[in-house]
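Novice: Provided herewith: my_file36.pdb, PDB, C-alpha atoms.
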```
ATOM      1  CA  ASP N   1      -4.078   1.401   5.562  1.00  0.00           C
ATOM      2  CA  ALA N   2      -6.291  -0.875   7.641  1.00  0.00           C
ATOM      3  CA  LYS N   3      -8.901  -3.044   5.982  1.00  0.00           C
ATOM      4  CA  THR N   4     -12.526  -2.153   6.653  1.00  0.00           C
ATOM      5  CA  THR N   5     -15.569  -4.425   6.550  1.00  0.00           C
ATOM      6  CA  GLN N   6     -19.098  -3.242   5.843  1.00  0.00           C
ATOM      7  CA  PRO N   7     -22.392  -5.036   5.201  1.00  0.00           C
ATOM      8  CA  PRO N   8     -23.061  -5.066   1.452  1.00  0.00           C
ATOM      9  CA  SER N   9     -26.542  -3.604   1.737  1.00  0.00           C
ATOM     10  CA  MET N  10     -29.055  -2.090   4.133  1.00  0.00           C
ATOM     11  CA  ASP N  11     -32.574  -0.720   3.971  1.00  0.00           C
ATOM     12  CA  CYS N  12     -33.943   2.212   5.923  1.00  0.00           C
ATOM     13  CA  ALA N  13     -37.374   3.794   6.099  1.00  0.00           C
ATOM     14  CA  GLU N  14     -37.619   7.402   5.033  1.00  0.00           C
ATOM     15  CA  GLY N  15     -37.473   9.746   8.013  1.00  0.00           C
ATOM     16  CA  ARG N  16     -35.841   7.192  10.270  1.00  0.00           C
ATOM     17  CA  ALA N  17     -32.222   7.137  11.355  1.00  0.00           C
ATOM     18  CA  ALA N  18     -29.858   5.111   9.190  1.00  0.00           C
ATOM     19  CA  ASN N  19     -27.049   3.468  11.150  1.00  0.00           C
ATOM     20  CA  LEU N  20     -24.259   2.156   8.955  1.00  0.00           C
ATOM     21  CA  PRO N  21     -21.650  -0.002  10.706  1.00  0.00           C
ATOM     22  CA  CYS N  22     -18.016  -0.453   9.819  1.00  0.00           C
ATOM     23  CA  ASN N  23     -15.422  -2.784  11.295  1.00  0.00           C
ATOM     24  CA  HIS N  24     -11.766  -1.799  11.254  1.00  0.00           C
ATOM     25  CA  SER N  25     -10.241  -4.093  13.841  1.00  0.00           C
ATOM     26  CA  THR N  26      -6.656  -3.645  12.580  1.00  0.00           C
ATOM     27  CA  ILE N  27      -6.750   0.143  12.556  1.00  0.00           C
ATOM     28  CA  SER N  28      -3.582   1.774  13.851  1.00  0.00           C
ATOM     29  CA  GLY N  29      -3.430   4.680  16.270  1.00  0.00           C
ATOM     30  CA  ASN N  30      -2.784   7.318  13.629  1.00  0.00           C
ATOM     31  CA  GLU N  31      -5.316   6.155  11.057  1.00  0.00           C
ATOM     32  CA  TYR N  32      -8.438   8.211  10.586  1.00  0.00           C
ATOM     33  CA  VAL N  33     -11.875   6.815   9.744  1.00  0.00           C
ATOM     34  CA  TYR N  34     -13.373   8.488   6.680  1.00  0.00           C
ATOM     35  CA  TRP N  35     -16.850   8.135   5.224  1.00  0.00           C
ATOM     36  CA  TYR N  36     -17.769   8.929   1.643  1.00  0.00           C
ATOM     37  CA  ARG N  37     -20.864   8.135  -0.345  1.00  0.00           C
ATOM     38  CA  GLN N  38     -21.587   7.719  -4.032  1.00  0.00           C
ATOM     39  CA  ILE N  39     -25.019   8.471  -5.358  1.00  0.00           C
ATOM     40  CA  HIS N  40     -25.790   6.676  -8.590  1.00  0.00           C
ATOM     41  CA  SER N  41     -23.824   8.001 -11.587  1.00  0.00           C
ATOM     42  CA  GLN N  42     -22.167  10.747  -9.549  1.00  0.00           C
ATOM     43  CA  GLY N  43     -18.700  11.219  -8.127  1.00  0.00           C
ATOM     44  CA  PRO N  44     -18.083  10.203  -4.507  1.00  0.00           C
ATOM     45  CA  GLN N  45     -18.925  12.798  -1.888  1.00  0.00           C
ATOM     46  CA  TYR N  46     -17.154  13.337   1.426  1.00  0.00           C
ATOM     47  CA  ILE N  47     -19.379  12.950   4.489  1.00  0.00           C
ATOM     48  CA  ILE N  48     -17.309  13.022   7.665  1.00  0.00           C
ATOM     49  CA  HIS N  49     -14.130  11.756   9.281  1.00  0.00           C
ATOM     50  CA  GLY N  50     -12.728  11.225  12.765  1.00  0.00           C
ATOM     51  CA  LEU N  51      -9.813   9.840  14.740  1.00  0.00           C
ATOM     52  CA  LYS N  52     -10.935   9.063  18.281  1.00  0.00           C
ATOM     53  CA  ASN N  53     -13.773  11.349  19.259  1.00  0.00           C
ATOM     54  CA  ASN N  54     -17.302  11.244  17.946  1.00  0.00           C
ATOM     55  CA  GLU N  55     -17.938  13.797  15.245  1.00  0.00           C
ATOM     56  CA  THR N  56     -21.042  15.532  13.925  1.00  0.00           C
ATOM     57  CA  ASN N  57     -21.648  17.808  10.990  1.00  0.00           C
ATOM     58  CA  GLU N  58     -24.622  18.938   8.955  1.00  0.00           C
ATOM     59  CA  MET N  59     -24.747  15.649   7.074  1.00  0.00           C
ATOM     60  CA  ALA N  60     -24.156  12.953   9.664  1.00  0.00           C
ATOM     61  CA  SER N  61     -22.694  11.789  12.958  1.00  0.00           C
ATOM     62  CA  LEU N  62     -19.755   9.455  13.358  1.00  0.00           C
ATOM     63  CA  ILE N  63     -19.535   7.273  16.422  1.00  0.00           C
ATOM     64  CA  ILE N  64     -16.169   5.569  16.989  1.00  0.00           C
ATOM     65  CA  THR N  65     -15.880   2.891  19.677  1.00  0.00           C
ATOM     66  CA  GLU N  66     -13.403   3.455  22.463  1.00  0.00           C
ATOM     67  CA  ASP N  67     -11.090   0.718  21.187  1.00  0.00           C
ATOM     68  CA  ARG N  68     -11.445   2.203  17.662  1.00  0.00           C
ATOM     69  CA  LYS N  69     -12.090  -1.222  16.160  1.00  0.00           C
ATOM     70  CA  SER N  70     -15.443  -0.188  14.731  1.00  0.00           C
ATOM     71  CA  SER N  71     -17.523   2.845  13.942  1.00  0.00           C
ATOM     72  CA  THR N  72     -21.063   3.771  12.940  1.00  0.00           C
ATOM     73  CA  LEU N  73     -22.195   6.449  10.556  1.00  0.00           C
ATOM     74  CA  ILE N  74     -25.572   7.859  11.498  1.00  0.00           C
ATOM     75  CA  LEU N  75     -27.862   9.718   9.131  1.00  0.00           C
ATOM     76  CA  PRO N  76     -30.376  11.066  11.637  1.00  0.00           C
ATOM     77  CA  HIS N  77     -33.365  11.489   9.313  1.00  0.00           C
ATOM     78  CA  ALA N  78     -32.798   9.561   6.106  1.00  0.00           C
ATOM     79  CA  THR N  79     -34.390  10.869   2.918  1.00  0.00           C
ATOM     80  CA  LEU N  80     -34.826   9.213  -0.454  1.00  0.00           C
ATOM     81  CA  ARG N  81     -31.888  11.276  -1.704  1.00  0.00           C
ATOM     82  CA  ASP N  82     -29.643   9.502   0.801  1.00  0.00           C
ATOM     83  CA  THR N  83     -29.927   6.302  -1.237  1.00  0.00           C
ATOM     84  CA  ALA N  84     -26.319   5.637  -2.206  1.00  0.00           C
ATOM     85  CA  VAL N  85     -23.295   3.433  -1.640  1.00  0.00           C
ATOM     86  CA  TYR N  86     -21.521   4.416   1.586  1.00  0.00           C
ATOM     87  CA  TYR N  87     -17.806   3.778   1.944  1.00  0.00           C
ATOM     88  CA  CYS N  88     -15.905   3.521   5.205  1.00  0.00           C
ATOM     89  CA  ILE N  89     -12.146   4.013   4.788  1.00  0.00           C
ATOM     90  CA  ALA N  90      -9.293   3.866   7.287  1.00  0.00           C
ATOM     91  CA  LEU N  91      -6.495   6.174   6.218  1.00  0.00           C
ATOM     92  CA  MET N  92      -3.212   7.369   7.572  1.00  0.00           C
ATOM     93  CA  ASN N  93      -2.654  10.937   6.459  1.00  0.00           C
ATOM     94  CA  ASN N  94       0.841  11.329   5.123  1.00  0.00           C
ATOM     95  CA  ASN N  95       2.772  13.314   2.606  1.00  0.00           C
ATOM     96  CA  ALA N  96       1.075  11.427  -0.199  1.00  0.00           C
ATOM     97  CA  GLY N  97      -2.168  13.231   0.449  1.00  0.00           C
ATOM     98  CA  ASN N  98      -5.321  11.205   0.712  1.00  0.00           C
ATOM     99  CA  MET N  99      -4.755   8.067  -1.336  1.00  0.00           C
ATOM    100  CA  LEU N 100      -8.153   6.660  -0.494  1.00  0.00           C
ATOM    101  CA  THR N 101      -8.674   2.956  -1.034  1.00  0.00           C
ATOM    102  CA  PHE N 102     -12.373   2.218  -1.496  1.00  0.00           C
ATOM    103  CA  GLY N 103     -13.826  -1.181  -0.613  1.00  0.00           C
ATOM    104  CA  GLY N 104     -17.209  -2.522  -1.617  1.00  0.00           C
ATOM    105  CA  GLY N 105     -19.163  -0.194   0.662  1.00  0.00           C
ATOM    106  CA  THR N 106     -22.739  -0.521   1.901  1.00  0.00           C
ATOM    107  CA  ARG N 107     -25.570   0.062  -0.539  1.00  0.00           C
ATOM    108  CA  LEU N 108     -28.178   1.964   1.477  1.00  0.00           C
ATOM    109  CA  MET N 109     -31.687   1.936   0.098  1.00  0.00           C
ATOM    110  CA  VAL N 110     -34.020   4.472   1.702  1.00  0.00           C
ATOM    111  CA  LYS N 111     -37.611   3.444   1.157  1.00  0.00           C
ATOM    112  CA  PRO N 112     -40.777   5.562   1.385  1.00  0.00           C
TER     113      PRO N 112
ATOM    114  CA  ASP W   1     -19.670  26.907 -10.761  1.00  0.00           C
ATOM    115  CA  THR W   2     -18.348  23.340 -10.807  1.00  0.00           C
ATOM    116  CA  ALA W   3     -15.475  22.737  -8.397  1.00  0.00           C
ATOM    117  CA  VAL W   4     -13.910  19.764 -10.210  1.00  0.00           C
ATOM    118  CA  SER W   5     -14.819  19.428 -13.848  1.00  0.00           C
ATOM    119  CA  GLN W   6     -13.910  16.695 -16.290  1.00  0.00           C
ATOM    120  CA  THR W   7     -14.201  16.543 -20.055  1.00  0.00           C
ATOM    121  CA  PRO W   8     -15.422  14.701 -21.924  1.00  0.00           C
ATOM    122  CA  LYS W   9     -18.224  13.164 -19.903  1.00  0.00           C
ATOM    123  CA  TYR W  10     -18.521  10.321 -22.410  1.00  0.00           C
ATOM    124  CA  LEU W  11     -15.867   8.946 -24.724  1.00  0.00           C
ATOM    125  CA  VAL W  12     -16.254   6.057 -27.161  1.00  0.00           C
ATOM    126  CA  THR W  13     -13.197   4.938 -29.090  1.00  0.00           C
ATOM    127  CA  GLN W  14     -11.546   2.010 -30.823  1.00  0.00           C
ATOM    128  CA  MET W  15      -8.930  -0.317 -29.436  1.00  0.00           C
ATOM    129  CA  GLY W  16      -5.400   0.868 -30.046  1.00  0.00           C
ATOM    130  CA  ASN W  17      -6.272   4.565 -30.063  1.00  0.00           C
ATOM    131  CA  ASP W  18      -4.722   7.186 -27.791  1.00  0.00           C
ATOM    132  CA  LYS W  19      -7.064   9.421 -25.832  1.00  0.00           C
ATOM    133  CA  SER W  20      -7.024  12.045 -23.092  1.00  0.00           C
ATOM    134  CA  ILE W  21      -9.421  13.075 -20.375  1.00  0.00           C
ATOM    135  CA  LYS W  22      -9.068  16.569 -18.971  1.00  0.00           C
ATOM    136  CA  CYS W  23      -9.603  17.645 -15.386  1.00  0.00           C
ATOM    137  CA  GLU W  24      -9.691  21.111 -13.913  1.00  0.00           C
ATOM    138  CA  GLN W  25     -10.308  22.239 -10.350  1.00  0.00           C
ATOM    139  CA  ASN W  26     -11.089  25.803  -9.279  1.00  0.00           C
ATOM    140  CA  LEU W  27     -10.701  25.197  -5.554  1.00  0.00           C
ATOM    141  CA  GLY W  28      -7.075  26.197  -5.301  1.00  0.00           C
ATOM    142  CA  HIS W  29      -6.178  22.721  -4.044  1.00  0.00           C
ATOM    143  CA  ASP W  30      -2.606  21.483  -4.120  1.00  0.00           C
ATOM    144  CA  THR W  31      -3.221  17.792  -4.790  1.00  0.00           C
ATOM    145  CA  MET W  32      -5.121  16.072  -7.584  1.00  0.00           C
ATOM    146  CA  TYR W  33      -6.004  12.449  -8.199  1.00  0.00           C
ATOM    147  CA  TRP W  34      -7.316  10.039 -10.779  1.00  0.00           C
ATOM    148  CA  TYR W  35      -9.528   7.095  -9.853  1.00  0.00           C
ATOM    149  CA  LYS W  36     -10.902   4.289 -12.007  1.00  0.00           C
ATOM    150  CA  GLN W  37     -14.287   2.669 -11.365  1.00  0.00           C
ATOM    151  CA  ASP W  38     -14.746  -0.567 -13.252  1.00  0.00           C
ATOM    152  CA  SER W  39     -17.892  -2.459 -14.191  1.00  0.00           C
ATOM    153  CA  LYS W  40     -18.007  -4.053 -10.742  1.00  0.00           C
ATOM    154  CA  LYS W  41     -18.129  -0.561  -9.249  1.00  0.00           C
ATOM    155  CA  PHE W  42     -14.841  -0.803  -7.363  1.00  0.00           C
ATOM    156  CA  LEU W  43     -13.066   2.553  -7.113  1.00  0.00           C
ATOM    157  CA  LYS W  44      -9.291   2.282  -7.436  1.00  0.00           C
ATOM    158  CA  ILE W  45      -6.731   5.004  -6.985  1.00  0.00           C
ATOM    159  CA  MET W  46      -4.516   5.450 -10.025  1.00  0.00           C
ATOM    160  CA  PHE W  47      -2.437   8.549  -9.285  1.00  0.00           C
ATOM    161  CA  SER W  48      -1.921  11.182  -6.675  1.00  0.00           C
ATOM    162  CA  TYR W  49      -0.091  14.335  -7.759  1.00  0.00           C
ATOM    163  CA  ASN W  50       0.944  17.655  -6.337  1.00  0.00           C
ATOM    164  CA  ASN W  51       3.577  20.056  -7.539  1.00  0.00           C
ATOM    165  CA  LYS W  52       6.210  18.111  -5.695  1.00  0.00           C
ATOM    166  CA  GLU W  53       5.414  14.492  -6.126  1.00  0.00           C
ATOM    167  CA  LEU W  54       3.661  12.010  -8.370  1.00  0.00           C
ATOM    168  CA  ILE W  55       2.548   8.833  -6.681  1.00  0.00           C
ATOM    169  CA  ILE W  56       1.547   6.016  -8.957  1.00  0.00           C
ATOM    170  CA  ASN W  57      -0.421   2.956  -7.975  1.00  0.00           C
ATOM    171  CA  GLU W  58       1.882   0.143  -9.029  1.00  0.00           C
ATOM    172  CA  THR W  59      -0.971  -1.745 -10.671  1.00  0.00           C
ATOM    173  CA  VAL W  60      -1.561   0.999 -13.237  1.00  0.00           C
ATOM    174  CA  PRO W  61      -0.103   0.129 -16.671  1.00  0.00           C
ATOM    175  CA  ASN W  62       2.444   2.584 -18.031  1.00  0.00           C
ATOM    176  CA  ARG W  63       0.077   3.251 -20.928  1.00  0.00           C
ATOM    177  CA  PHE W  64      -1.611   5.613 -18.482  1.00  0.00           C
ATOM    178  CA  SER W  65       0.141   8.871 -17.743  1.00  0.00           C
ATOM    179  CA  PRO W  66      -1.011  11.962 -15.860  1.00  0.00           C
ATOM    180  CA  LYS W  67       0.097  15.337 -17.103  1.00  0.00           C
ATOM    181  CA  SER W  68      -0.247  18.553 -15.156  1.00  0.00           C
ATOM    182  CA  PRO W  69       0.253  21.768 -17.141  1.00  0.00           C
ATOM    183  CA  ASP W  70      -0.442  23.767 -13.998  1.00  0.00           C
ATOM    184  CA  LYS W  71      -1.694  23.399 -10.449  1.00  0.00           C
ATOM    185  CA  ALA W  72      -5.346  23.505 -11.466  1.00  0.00           C
ATOM    186  CA  HIS W  73      -5.194  20.785 -14.106  1.00  0.00           C
ATOM    187  CA  LEU W  74      -4.371  17.089 -14.143  1.00  0.00           C
ATOM    188  CA  ASN W  75      -5.078  15.414 -17.453  1.00  0.00           C
ATOM    189  CA  LEU W  76      -5.086  11.679 -18.019  1.00  0.00           C
ATOM    190  CA  HIS W  77      -3.471  10.342 -21.172  1.00  0.00           C
ATOM    191  CA  ILE W  78      -4.051   6.771 -22.236  1.00  0.00           C
ATOM    192  CA  ASN W  79      -2.067   5.148 -25.034  1.00  0.00           C
ATOM    193  CA  SER W  80      -2.949   2.031 -27.014  1.00  0.00           C
ATOM    194  CA  LEU W  81      -6.381   1.645 -25.480  1.00  0.00           C
ATOM    195  CA  GLU W  82      -7.558  -1.860 -24.588  1.00  0.00           C
ATOM    196  CA  LEU W  83     -11.014  -3.281 -23.975  1.00  0.00           C
ATOM    197  CA  GLY W  84     -10.245  -3.555 -20.258  1.00  0.00           C
ATOM    198  CA  ASP W  85      -9.726   0.182 -20.042  1.00  0.00           C
ATOM    199  CA  SER W  86     -13.470   0.676 -20.367  1.00  0.00           C
ATOM    200  CA  ALA W  87     -14.551   2.247 -17.089  1.00  0.00           C
ATOM    201  CA  VAL W  88     -15.618   5.478 -15.445  1.00  0.00           C
ATOM    202  CA  TYR W  89     -12.653   7.672 -14.566  1.00  0.00           C
ATOM    203  CA  PHE W  90     -12.965  10.158 -11.736  1.00  0.00           C
ATOM    204  CA  CYS W  91     -10.749  13.110 -11.084  1.00  0.00           C
ATOM    205  CA  ALA W  92     -10.511  14.537  -7.569  1.00  0.00           C
ATOM    206  CA  SER W  93      -8.652  17.220  -5.661  1.00  0.00           C
ATOM    207  CA  SER W  94      -7.810  18.029  -2.065  1.00  0.00           C
ATOM    208  CA  GLN W  95      -5.890  20.555  -0.055  1.00  0.00           C
ATOM    209  CA  GLY W  96      -3.271  18.513   1.721  1.00  0.00           C
ATOM    210  CA  PHE W  97      -4.955  15.965   3.946  1.00  0.00           C
ATOM    211  CA  GLY W  98      -8.367  17.533   3.539  1.00  0.00           C
ATOM    212  CA  GLU W  99     -11.448  15.943   2.067  1.00  0.00           C
ATOM    213  CA  LEU W 100     -11.446  14.916  -1.568  1.00  0.00           C
ATOM    214  CA  PHE W 101     -13.732  16.674  -4.012  1.00  0.00           C
ATOM    215  CA  PHE W 102     -14.614  14.477  -6.965  1.00  0.00           C
ATOM    216  CA  GLY W 103     -15.654  15.338 -10.471  1.00  0.00           C
ATOM    217  CA  GLU W 104     -18.705  13.809 -12.104  1.00  0.00           C
ATOM    218  CA  GLY W 105     -16.730  11.178 -13.945  1.00  0.00           C
ATOM    219  CA  SER W 106     -15.844  10.399 -17.545  1.00  0.00           C
ATOM    220  CA  ARG W 107     -17.232   7.194 -18.982  1.00  0.00           C
ATOM    221  CA  LEU W 108     -14.766   5.615 -21.402  1.00  0.00           C
ATOM    222  CA  THR W 109     -15.949   2.839 -23.712  1.00  0.00           C
ATOM    223  CA  VAL W 110     -13.374   0.993 -25.796  1.00  0.00           C
ATOM    224  CA  LEU W 111     -14.766  -0.997 -28.732  1.00  0.00           C
TER     225      LEU W 111
END
```
What is this file in structure tokens?

Specialist:
Amino acid sequence: DAKTTQPPSMDCAEGRAANLPCNHSTISGNEYVYWYRQIHSQGPQYIIHGLKNNETNEMASLIITEDRKSSTLILPHATLRDTAVYYCIALMNNNAGNMLTFGGGTRLMVKP
Amino acid sequence: DTAVSQTPKYLVTQMGNDKSIKCEQNLGHDTMYWYKQDSKKFLKIMFSYNNKELIINETVPNRFSPKSPDKAHLNLHINSLELGDSAVYFCASSQGFGELFFGEGSRLTVL
């Protein structure tokens, strides 16, 4: 699976959009981009994933560049409860299921 | 009703002991996993298991063994515990390539 690079930390004001970048310049054509987050002392939580097209769900939007070398997770209206570590993962789905490899992630601090 | 539940939530034990952490999922998923999160907060995959195949991360010592009595359970057995085994262990499940659902974690402290 391709390596991903994320900034170690970011701040965001409550109510504003949080834009979390991720670089995955070596991603292959059949690798998906997954985003998970881990709120303090809890298990990781799935947010969203995509292959080529932009995706949106009730939690967030995922914007993937046309060359697929980077992506951005957008939390449209960040709340204090969105403070967490956000992980971007490139993964090829195969018969082994989802053997996610987590990197260091981005620690997002949402401030009042 | 918790989707992925682990017990115990906290476990404190002495070096050299053997211990188990239990995991149950009520989602009907076909694949279960164990992850380890160390003191530096890195999450590492240990095992992936469905009723056909066990995939082991080659860095996991053979003192660790997953055991699945049925499709809804994947327990983690650890023999001859060492100080470095102290960590938070997370169980997870998925249906095929779908999203992973994680449990709340089991914090193991080896003294």

Novice: Find, counting all atoms listed in the file, the residue in N:Gly43, N:Gly15, N:Pro76, N:Pro21 that gets nearest to Lys111 of chain N.

Specialist: N:Gly15

Novice: Name every residue that the ChimeraX specification (/N :<12) & /W selects in this structure, writing the answer as a PyMOL selection string with chains first and numbers rising.

Specialist: chain W and resi 3-6+9+29-37+40-57+88-107

Novice: Atom CA of Leu81 of chain W to atom CA of Met15 of chain W: how many Å, to one decimal?

Specialist: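 Atom CA of Met15 of chain W lies 5.1 Å from atom CA of Leu81 of chain W.
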
Novice: Starting from the shown file, work through the PyMOL selection byres ((chain N and resi 85) around 8) and note down what comes out as a list of chain:residue names.

Specialist: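 Taken on the displayed file, the PyMOL selection byres ((chain N and resi 85) around 8) yields the residues N:Arg37, N:Gln38, N:Ile39, N:Thr83, N:Ala84, N:Tyr86, N:Tyr87, N:Gly105, N:Thr106, N:Arg107, N:Leu108.
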
Novice: Give me, as a list in words, all polymer residues having an atom no more than 8 Å from segment 50-64 of chain N, counting all atoms listed in the file and skipping those fewer than 6 positions away in the same chain.

Specialist: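 After dropping sequence-adjacent residues, the list is Asn30, Glu31, Tyr32, Val33, Tyr34, Ser70, Ser71, Thr72, Leu73, Ile74, Leu75 and Pro76 of chain N.
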
Novice: With C-alpha atoms retained, could you export that selection as a PDB file, in the coordinates of the input?

Specialist:
```pdb
ATOM      1  CA  ASN N  30      -2.784   7.318  13.629  1.00  0.00           C
ATOM      2  CA  GLU N  31      -5.316   6.155  11.057  1.00  0.00           C
ATOM      3  CA  TYR N  32      -8.438   8.211  10.586  1.00  0.00           C
ATOM      4  CA  VAL N  33     -11.875   6.815   9.744  1.00  0.00           C
ATOM      5  CA  TYR N  34     -13.373   8.488   6.680  1.00  0.00           C
ATOM      6  CA  SER N  70     -15.443  -0.188  14.731  1.00  0.00           C
ATOM      7  CA  SER N  71     -17.523   2.845  13.942  1.00  0.00           C
ATOM      8  CA  THR N  72     -21.063   3.771  12.940  1.00  0.00           C
ATOM      9  CA  LEU N  73     -22.195   6.449  10.556  1.00  0.00           C
ATOM     10  CA  ILE N  74     -25.572   7.859  11.498  1.00  0.00           C
ATOM     11  CA  LEU N  75     -27.862   9.718   9.131  1.00  0.00           C
ATOM     12  CA  PRO N  76     -30.376  11.066  11.637  1.00  0.00           C
TER      13      PRO N  76
END
```

Novice: In Å, how far is it from atom CA of Ser9 of chain N to atom CA of His40 of chain N?

Specialist: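 Atom CA of His40 of chain N lies 14.6 Å from atom CA of Ser9 of chain N.
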
Novice: Near Thr7 of chain W, within 8 Å and counting all atoms listed in the file, which residues show up once chain neighbours fewer than 3 positions away are dropped, as a ChimeraX atom specification?

Specialist: /W:10,21-23,106

Novice: Just the residues within 10 Å of Ser20 of chain W, please, counting only C-alpha atoms, with nothing from its chain fewer than 3 positions along; format it as a ChimeraX atom specification.

Specialist: /W:7-8,11,23,64-67,75-79

Novice: Report, in Å with one decimal, the straight-line distance from atom CA of Asp82 of chain N to atom CA of Val110 of chain N.

Specialist: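 That distance, rounded to one decimal, is 6.7 Å.
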
Novice: So, with all atoms listed in the file as the atoms that count, which of W:Thr59, W:Asp85, W:Gly28, W:Thr109 lies closest to His73 of chain W?

Specialist: W:Gly28

Novice: Step by step, gather every atom of segment 49-65 of chain N that the file lists, find the box along x, y and z that holds them, add 8 Å on each side, and finally give centre and edge lengths in Å to one decimal, as lines of an AutoDock Vina configuration file.

Specialist:
```
center_x = -17.3
center_y = 10.9
center_z = 13.4
size_x = 30.9
size_y = 32.0
size_z = 28.6
```

Novice: Mind telling me what the PyMOL selection byres ((chain N and resi 25-29) around 8) catches here, as a VMD selection string?

Specialist: chain N and resid 1 to 4 23 to 24 30 to 31 68 to 70 90

Novice: Could you tell me which of W:Glu24, W:Glu82, W:Lys19, W:Val110 comes closest to Ser68 of chain W if we count only C-alpha atoms?

Specialist: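 For Ser68 of chain W, the nearest of the given residues is W:Glu24.
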
Novice: I'd like the contact shell of Ala78 of chain N - 6 Å cut-off, all atoms listed in the file, skipping same-chain residues fewer than 4 positions apart - returned as a list in words.

Specialist: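 Those residues are Glu14, Gly15, Arg16 and Ala17 of chain N.
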
Novice: What would the file be for segment 68-85 of chain W if you keep N, CA and C atoms and write it as a CSV table (one decimal), in the first residue's frame?

Specialist:
```csv
chain,number,residue,atom,x,y,z
W,68,SER,N,-10.5,-18.1,17.1
W,68,SER,CA,-11.9,-17.8,16.7
W,68,SER,C,-12.8,-19.0,16.9
W,69,PRO,N,-13.6,-19.0,18.0
W,69,PRO,CA,-14.5,-20.1,18.3
W,69,PRO,C,-15.7,-20.1,17.3
W,70,ASP,N,-16.0,-18.9,16.8
W,70,ASP,CA,-17.1,-18.8,15.8
W,70,ASP,C,-16.9,-17.5,15.1
W,71,LYS,N,-17.8,-17.3,14.1
W,71,LYS,CA,-17.6,-16.1,13.2
W,71,LYS,C,-17.7,-14.8,13.9
W,72,ALA,N,-18.4,-14.8,15.1
W,72,ALA,CA,-18.6,-13.5,15.8
W,72,ALA,C,-17.6,-13.2,16.8
W,73,HIS,N,-16.6,-14.1,17.0
W,73,HIS,CA,-15.6,-13.9,18.1
W,73,HIS,C,-14.2,-14.1,17.5
W,74,LEU,N,-13.3,-13.2,18.0
W,74,LEU,CA,-11.9,-13.4,17.7
W,74,LEU,C,-11.2,-13.0,19.0
W,75,ASN,N,-10.7,-13.9,19.7
W,75,ASN,CA,-10.0,-13.7,21.0
W,75,ASN,C,-8.5,-13.6,20.7
W,76,LEU,N,-7.9,-12.8,21.6
W,76,LEU,CA,-6.4,-12.7,21.5
W,76,LEU,C,-5.8,-13.3,22.7
W,77,HIS,N,-4.9,-14.3,22.4
W,77,HIS,CA,-4.2,-15.0,23.5
W,77,HIS,C,-2.7,-14.5,23.5
W,78,ILE,N,-2.2,-14.2,24.7
W,78,ILE,CA,-0.8,-13.8,24.7
W,78,ILE,C,-0.1,-14.6,25.8
W,79,ASN,N,0.9,-15.3,25.4
W,79,ASN,CA,1.7,-16.1,26.3
W,79,ASN,C,3.0,-15.4,26.8
W,80,SER,N,3.4,-15.7,27.9
W,80,SER,CA,4.7,-15.2,28.5
W,80,SER,C,4.8,-13.7,28.3
W,81,LEU,N,3.9,-13.0,28.9
W,81,LEU,CA,3.8,-11.5,28.7
W,81,LEU,C,5.1,-10.8,29.0
W,82,GLU,N,5.5,-9.8,28.2
W,82,GLU,CA,6.7,-9.0,28.4
W,82,GLU,C,6.3,-7.5,28.6
W,83,LEU,N,7.2,-6.8,29.2
W,83,LEU,CA,6.9,-5.3,29.4
W,83,LEU,C,6.5,-4.6,28.2
W,84,GLY,N,7.1,-5.0,27.1
W,84,GLY,CA,6.8,-4.3,25.8
W,84,GLY,C,5.4,-4.6,25.2
W,85,ASP,N,4.8,-5.6,25.8
W,85,ASP,CA,3.4,-5.9,25.4
W,85,ASP,C,2.4,-4.9,25.9
```
